[in-house]
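Below is one structure, written out as structure tokens; comments come after it.
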Amino acid sequence: MILAKAVSSIFAPLYLPLVGMAALFLLSYLKIMPWPFKVFVLLQAYIFTILLPSLLIRFYRRAQGWHAHEMGPKERLMVPYIISIICYFTCYYTMTALHIPHVISSILLAALAIQIVCAIINVWWKISAHCATIGGFAGALVAYSVKWSFNPVWWLCLVILVAGIVGTARMTLRQHTLSQVVGGFCVGFLCAFYVIFRF
């Protein structure tokens with residue numbers, strides 16, 4: 001149970017844009033970008049996609065008198081989704097206004113699309129945002145492999161292994177069923193692949 005909680009925390013949905021951008025800076029041609037630019041972009045992503053949403057969601061949870069484990073029911077997830085969507089959109093808008101290269105901001109756009117689709121589905125059926133995030137990594141990886149012509153097999157194997165670990169952790173914590181975990185992964189994969197490949 002403790003291990004499952006640790007896995008859920010490490011692979012929290014809010015980390016997708018920051019980790020995706022860091023991977024681009026480390027593993028693609030974008031590594032030639034100057035360090036001040038990389039730090040500026042990553043800091044902006046951290047503030048708008050991790051720090052602000054985390055603080056606002058925590059404030060909302062405490063205002064409601066709920067503990068972290070009491071955020072499970074889908075009815076209680078809508079406000080956190082809306083907070084995240086607004087913060088992600090603000091970050092994307094800011095990056096666009098600053099003329100950050102689209103290949104970087106497309107990571108944010110993919111994460112925003114995943115958040116929006118998950119929020120819509122959540123109105124009727126609870127879906128795993130954790131697994132949607134990992135699915136987003138897989139979808140982005142496949143999309144970039146097609147656009148940039150590289151073999152993603154080993155990276156994809158790693159991402160799928162992590163997806164299995166995260167999905168198992170979410171089911172162990174009784175936060176999701178198998179169908180919600182698989183559904184989340186598929187939503188994340190399709191959203192990220194479409195956005196990055198198309199845009």
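In the structure tokens, chains take letters A, B, ... by order of appearance, with residues numbered from 1 within each chain and ligands from 1 in the order shown.
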
### Task
Pull the alpha helix (DSSP H) assignments for chain A out of DSSP run on the backbone, and list those residues as a VMD selection string.
chain A and resid 2 to 10 16 to 27 35 to 46 52 to 64 78 to 97 102 to 122 129 to 148 153 to 172 178 to 198

#### Entry: Residues within 12 Å of A:Met171, only C-alpha atoms, excluding chain neighbours under 2 positions, as a list in words
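Contacts, in chain order: Met1, Ala4, Lys5, Val7, Ser8, Ile127, Ser128, His130, Cys131, Gly164, Ile165, Val166, Gly167, Thr168, Ala169, Leu173, Arg174, Gln175, His176, Thr177, Leu178, Ser179, Gln180, Val181 and Val182 of chain A.
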
Go through stretch 70-113 of chain A residue by residue and, counting only C-alpha atoms, keep those with an atom at most 12 Å from stretch 41-50 of chain A; for each kept residue give the shortest atom pair and its distance in Å to one decimal, ordered by chain and increasing number, as CSV.
```
residue,atom,partner,partner_atom,distance
A:Tyr81,CA,A:Thr49,CA,11.9
A:Ile83,CA,A:Thr49,CA,10.0
A:Ser84,CA,A:Thr49,CA,7.1
A:Ile85,CA,A:Thr49,CA,9.1
A:Ile86,CA,A:Phe48,CA,9.3
A:Cys87,CA,A:Phe48,CA,5.5
A:Tyr88,CA,A:Thr49,CA,5.8
A:Phe89,CA,A:Phe48,CA,9.0
A:Thr90,CA,A:Phe48,CA,7.4
A:Cys91,CA,A:Phe48,CA,5.7
A:Tyr92,CA,A:Ala45,CA,9.0
A:Tyr93,CA,A:Phe48,CA,11.0
A:Thr94,CA,A:Gln44,CA,9.0
A:Met95,CA,A:Val41,CA,8.2
A:Thr96,CA,A:Val41,CA,11.7
A:Leu98,CA,A:Val41,CA,10.3
A:His99,CA,A:Val41,CA,11.3
A:Ile100,CA,A:Val41,CA,8.2
A:Pro101,CA,A:Val41,CA,10.4
A:Ile104,CA,A:Val41,CA,8.8
A:Ser105,CA,A:Val41,CA,9.5
A:Ile107,CA,A:Ala45,CA,10.4
A:Leu108,CA,A:Ala45,CA,8.4
A:Leu109,CA,A:Thr49,CA,11.8
A:Ala111,CA,A:Thr49,CA,9.6
A:Leu112,CA,A:Thr49,CA,9.9
```

Prev. selection, N, CA, C and O atoms, output as a short mmCIF file (atom, residue, chain, number, x, y, z; two decimals), in the first residue's frame:
```
data_model
loop_
_atom_site.label_atom_id
_atom_site.label_comp_id
_atom_site.auth_asym_id
_atom_site.auth_seq_id
_atom_site.Cartn_x
_atom_site.Cartn_y
_atom_site.Cartn_z
N TYR A 81 -9.95 19.33 -12.06
CA TYR A 81 -9.76 19.29 -13.52
C TYR A 81 -9.84 20.71 -14.09
O TYR A 81 -9.01 21.10 -14.92
N ILE A 83 -9.33 23.58 -12.57
CA ILE A 83 -8.15 24.34 -12.14
C ILE A 83 -6.96 24.01 -13.03
O ILE A 83 -6.25 24.90 -13.52
N SER A 84 -6.73 22.72 -13.25
CA SER A 84 -5.59 22.29 -14.08
C SER A 84 -5.73 22.79 -15.51
O SER A 84 -4.76 23.28 -16.11
N ILE A 85 -6.93 22.69 -16.06
CA ILE A 85 -7.16 23.13 -17.44
C ILE A 85 -6.88 24.62 -17.60
O ILE A 85 -6.22 25.05 -18.55
N ILE A 86 -7.35 25.43 -16.66
CA ILE A 86 -7.11 26.88 -16.72
C ILE A 86 -5.62 27.18 -16.62
O ILE A 86 -5.08 28.00 -17.38
N CYS A 87 -4.92 26.51 -15.71
CA CYS A 87 -3.48 26.74 -15.56
C CYS A 87 -2.71 26.30 -16.81
O CYS A 87 -1.81 27.01 -17.27
N TYR A 88 -3.07 25.16 -17.37
CA TYR A 88 -2.41 24.66 -18.58
C TYR A 88 -2.65 25.60 -19.75
O TYR A 88 -1.73 25.90 -20.52
N PHE A 89 -3.89 26.06 -19.87
CA PHE A 89 -4.21 26.97 -20.97
C PHE A 89 -3.43 28.27 -20.83
O PHE A 89 -2.92 28.81 -21.83
N THR A 90 -3.34 28.78 -19.61
CA THR A 90 -2.59 30.01 -19.37
C THR A 90 -1.12 29.85 -19.75
O THR A 90 -0.52 30.73 -20.37
N CYS A 91 -0.57 28.70 -19.40
CA CYS A 91 0.83 28.43 -19.75
C CYS A 91 1.00 28.35 -21.27
O CYS A 91 1.95 28.93 -21.81
N TYR A 92 0.09 27.66 -21.94
CA TYR A 92 0.18 27.53 -23.40
C TYR A 92 0.03 28.90 -24.06
O TYR A 92 0.78 29.24 -24.98
N TYR A 93 -0.91 29.69 -23.58
CA TYR A 93 -1.12 31.03 -24.14
C TYR A 93 0.13 31.90 -23.95
O TYR A 93 0.56 32.61 -24.86
N THR A 94 0.73 31.81 -22.76
CA THR A 94 1.94 32.59 -22.47
C THR A 94 3.09 32.17 -23.37
O THR A 94 3.80 33.02 -23.92
N MET A 95 3.26 30.87 -23.53
CA MET A 95 4.35 30.37 -24.39
C MET A 95 4.14 30.79 -25.84
O MET A 95 5.08 31.14 -26.54
N THR A 96 2.89 30.75 -26.28
CA THR A 96 2.58 31.18 -27.65
C THR A 96 2.88 32.67 -27.82
O THR A 96 3.46 33.09 -28.82
N LEU A 98 5.03 34.39 -26.23
CA LEU A 98 6.47 34.59 -26.16
C LEU A 98 7.20 33.94 -27.34
O LEU A 98 8.43 33.94 -27.39
N HIS A 99 6.42 33.36 -28.26
CA HIS A 99 6.98 32.72 -29.46
C HIS A 99 7.93 31.57 -29.13
O HIS A 99 8.95 31.40 -29.80
N ILE A 100 7.57 30.80 -28.10
CA ILE A 100 8.33 29.58 -27.80
C ILE A 100 8.09 28.61 -28.97
O ILE A 100 6.96 28.48 -29.44
N PRO A 101 9.12 27.93 -29.47
CA PRO A 101 8.93 27.01 -30.60
C PRO A 101 7.77 26.04 -30.38
O PRO A 101 7.61 25.50 -29.29
N ILE A 104 7.89 22.62 -28.73
CA ILE A 104 7.92 22.59 -27.26
C ILE A 104 6.50 22.77 -26.71
O ILE A 104 6.04 21.99 -25.87
N SER A 105 5.81 23.80 -27.18
CA SER A 105 4.47 24.08 -26.64
C SER A 105 3.46 23.01 -27.03
O SER A 105 2.41 22.89 -26.40
N ILE A 107 3.76 19.92 -26.54
CA ILE A 107 3.69 19.02 -25.38
C ILE A 107 2.60 19.52 -24.43
O ILE A 107 1.79 18.75 -23.91
N LEU A 108 2.58 20.81 -24.22
CA LEU A 108 1.59 21.43 -23.34
C LEU A 108 0.19 21.30 -23.93
O LEU A 108 -0.78 21.03 -23.21
N LEU A 109 0.09 21.50 -25.24
CA LEU A 109 -1.20 21.37 -25.91
C LEU A 109 -1.74 19.94 -25.80
O LEU A 109 -2.93 19.73 -25.59
N ALA A 111 -1.01 17.79 -23.36
CA ALA A 111 -1.42 17.61 -21.96
C ALA A 111 -2.76 18.29 -21.69
O ALA A 111 -3.61 17.76 -20.96
N LEU A 112 -2.96 19.45 -22.29
CA LEU A 112 -4.23 20.17 -22.14
C LEU A 112 -5.38 19.38 -22.75
O LEU A 112 -6.46 19.26 -22.15
#
```

### Query
In Å, how far is it from atom CA of A:Cys118 to atom CA of A:Thr133?
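Separation of atom CA of A:Cys118 and atom CA of A:Thr133: 10.3 Å.
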
### Message
Residues near A:Gly136, anyone? I mean within 9 Å using only C-alpha atoms, not counting same-chain ones fewer than 2 positions away, as a PyMOL selection string.
### Response
chain A and resi 16+110-111+114+131-134+138-141+185-193

Residues of the last selection are to be written out with N, CA and C atoms, as a compact mmCIF listing (two decimals), in the first residue's frame.
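Below is the file that was written, selection_18.txt:
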```
# COMPACT_ATOMS: atom_id res chain seq x y z
N LEU A 16 3.36 15.68 -16.46
CA LEU A 16 3.52 15.37 -17.89
C LEU A 16 4.21 16.47 -18.69
N ALA A 110 -0.85 18.95 -25.92
CA ALA A 110 -1.26 17.55 -25.78
C ALA A 110 -1.74 17.28 -24.35
N ALA A 111 -1.01 17.79 -23.36
CA ALA A 111 -1.42 17.61 -21.96
C ALA A 111 -2.76 18.29 -21.69
N ILE A 114 -5.52 16.15 -23.12
CA ILE A 114 -5.77 15.00 -22.25
C ILE A 114 -6.62 15.41 -21.05
N CYS A 131 -3.07 7.16 -15.50
CA CYS A 131 -2.79 6.30 -16.66
C CYS A 131 -2.94 7.08 -17.97
N ALA A 132 -3.80 8.08 -17.98
CA ALA A 132 -3.91 8.94 -19.17
C ALA A 132 -2.60 9.69 -19.39
N THR A 133 -1.94 10.08 -18.29
CA THR A 133 -0.65 10.76 -18.39
C THR A 133 0.41 9.85 -19.00
N ILE A 134 0.49 8.61 -18.50
CA ILE A 134 1.46 7.66 -19.04
C ILE A 134 1.12 7.32 -20.49
N ALA A 138 3.36 7.70 -24.06
CA ALA A 138 3.47 6.69 -25.12
C ALA A 138 3.02 7.27 -26.46
N GLY A 139 1.89 7.98 -26.47
CA GLY A 139 1.39 8.58 -27.70
C GLY A 139 2.34 9.60 -28.28
N ALA A 140 2.91 10.43 -27.40
CA ALA A 140 3.87 11.44 -27.85
C ALA A 140 5.12 10.78 -28.42
N LEU A 141 5.57 9.73 -27.77
CA LEU A 141 6.76 9.01 -28.23
C LEU A 141 6.55 8.44 -29.63
N PHE A 185 -5.32 5.08 -20.16
CA PHE A 185 -4.13 4.95 -21.01
C PHE A 185 -4.49 5.20 -22.48
N CYS A 186 -5.59 4.62 -22.94
CA CYS A 186 -5.99 4.79 -24.34
C CYS A 186 -6.32 6.24 -24.68
N VAL A 187 -7.03 6.91 -23.77
CA VAL A 187 -7.36 8.33 -23.98
C VAL A 187 -6.09 9.16 -24.08
N GLY A 188 -5.16 8.95 -23.14
CA GLY A 188 -3.91 9.70 -23.16
C GLY A 188 -3.11 9.44 -24.42
N PHE A 189 -3.02 8.18 -24.82
CA PHE A 189 -2.26 7.82 -26.01
C PHE A 189 -2.84 8.51 -27.24
N LEU A 190 -4.14 8.38 -27.44
CA LEU A 190 -4.78 8.93 -28.65
C LEU A 190 -4.70 10.45 -28.69
N CYS A 191 -4.96 11.10 -27.55
CA CYS A 191 -4.90 12.57 -27.51
C CYS A 191 -3.50 13.08 -27.84
N ALA A 192 -2.50 12.52 -27.17
CA ALA A 192 -1.12 12.99 -27.37
C ALA A 192 -0.65 12.70 -28.79
N PHE A 193 -0.96 11.51 -29.29
CA PHE A 193 -0.52 11.17 -30.65
C PHE A 193 -1.15 12.12 -31.67
```

### Message
Let me make sure I understand: among A:Phe40, A:Trp148, A:Tyr60, A:Tyr15, which one has the smallest atom-to-atom distance to A:Ile196 if we use only C-alpha atoms?
### Response
A:Trp148

### Message
Nearest residue to A:Val117 out of A:Pro80, A:Pro17, A:Pro36, A:Gly184, using only C-alpha atoms?
### Response
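Going through A:Pro80, A:Pro17, A:Pro36, A:Gly184 one by one, the smallest distance to A:Val117 is for A:Gly184.
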
### Query
What is the distance between atom CA of A:Leu27 and atom CA of A:Tyr144, in Å to one decimal?
11.5 Å

### Task
Write out as a PyMOL selection string which residues come within 10 Å of A:Ala119 when counting only C-alpha atoms, dropping same-chain ones fewer than 3 positions away.
chain A and resi 74+77-82+85+113-116+122-127+129

Please produce an output containing N, CA, C and O atoms for each residue in the selection, written as a compact mmCIF listing (two decimals), in the first residue's frame.
```txt
# COMPACT_ATOMS: atom_id res chain seq x y z
N LYS A 74 -15.68 10.70 -8.40
CA LYS A 74 -15.58 11.52 -9.61
C LYS A 74 -16.23 12.89 -9.45
O LYS A 74 -15.82 13.85 -10.09
N LEU A 77 -13.76 15.50 -8.42
CA LEU A 77 -12.60 15.72 -9.29
C LEU A 77 -12.81 16.83 -10.30
O LEU A 77 -11.85 17.28 -10.93
N MET A 78 -14.06 17.29 -10.49
CA MET A 78 -14.32 18.25 -11.56
C MET A 78 -13.62 19.59 -11.32
O MET A 78 -13.02 20.16 -12.24
N VAL A 79 -13.67 20.10 -10.10
CA VAL A 79 -13.00 21.38 -9.81
C VAL A 79 -11.49 21.27 -10.00
O VAL A 79 -10.88 22.14 -10.63
N PRO A 80 -10.83 20.21 -9.49
CA PRO A 80 -9.40 20.06 -9.79
C PRO A 80 -9.10 20.00 -11.29
O PRO A 80 -8.09 20.57 -11.74
N TYR A 81 -9.95 19.33 -12.06
CA TYR A 81 -9.76 19.29 -13.52
C TYR A 81 -9.84 20.71 -14.09
O TYR A 81 -9.01 21.10 -14.92
N ILE A 82 -10.83 21.47 -13.66
CA ILE A 82 -11.01 22.83 -14.18
C ILE A 82 -9.82 23.71 -13.82
O ILE A 82 -9.31 24.48 -14.64
N ILE A 85 -6.93 22.69 -16.06
CA ILE A 85 -7.16 23.13 -17.44
C ILE A 85 -6.88 24.62 -17.60
O ILE A 85 -6.22 25.05 -18.55
N ALA A 113 -5.14 18.80 -23.92
CA ALA A 113 -6.17 17.98 -24.58
C ALA A 113 -6.52 16.77 -23.72
O ALA A 113 -7.71 16.42 -23.57
N ILE A 114 -5.52 16.15 -23.12
CA ILE A 114 -5.77 15.00 -22.25
C ILE A 114 -6.62 15.41 -21.05
O ILE A 114 -7.59 14.72 -20.68
N GLN A 115 -6.27 16.54 -20.44
CA GLN A 115 -7.04 17.03 -19.28
C GLN A 115 -8.50 17.30 -19.65
O GLN A 115 -9.42 16.94 -18.92
N ILE A 116 -8.71 17.94 -20.80
CA ILE A 116 -10.07 18.29 -21.21
C ILE A 116 -10.90 17.04 -21.49
O ILE A 116 -12.05 16.92 -21.03
N ASN A 122 -15.14 12.22 -17.25
CA ASN A 122 -15.36 12.12 -15.82
C ASN A 122 -16.78 12.53 -15.40
O ASN A 122 -17.25 12.15 -14.34
N VAL A 123 -17.45 13.28 -16.25
CA VAL A 123 -18.84 13.66 -15.93
C VAL A 123 -19.71 12.42 -15.81
O VAL A 123 -20.61 12.33 -14.97
N TRP A 124 -19.44 11.41 -16.66
CA TRP A 124 -20.24 10.19 -16.67
C TRP A 124 -19.54 8.99 -16.06
O TRP A 124 -20.17 8.12 -15.50
N TRP A 125 -18.21 8.96 -16.20
CA TRP A 125 -17.47 7.75 -15.82
C TRP A 125 -16.09 8.15 -15.33
O TRP A 125 -15.38 8.91 -15.99
N LYS A 126 -15.72 7.66 -14.17
CA LYS A 126 -14.40 7.99 -13.61
C LYS A 126 -13.30 7.32 -14.44
O LYS A 126 -13.37 6.14 -14.72
N ILE A 127 -12.31 8.09 -14.81
CA ILE A 127 -11.21 7.58 -15.63
C ILE A 127 -9.89 7.89 -14.93
O ILE A 127 -9.81 8.86 -14.17
N ALA A 129 -6.63 9.49 -14.53
CA ALA A 129 -5.80 10.56 -15.07
C ALA A 129 -4.32 10.17 -15.00
O ALA A 129 -3.52 10.58 -15.84
```
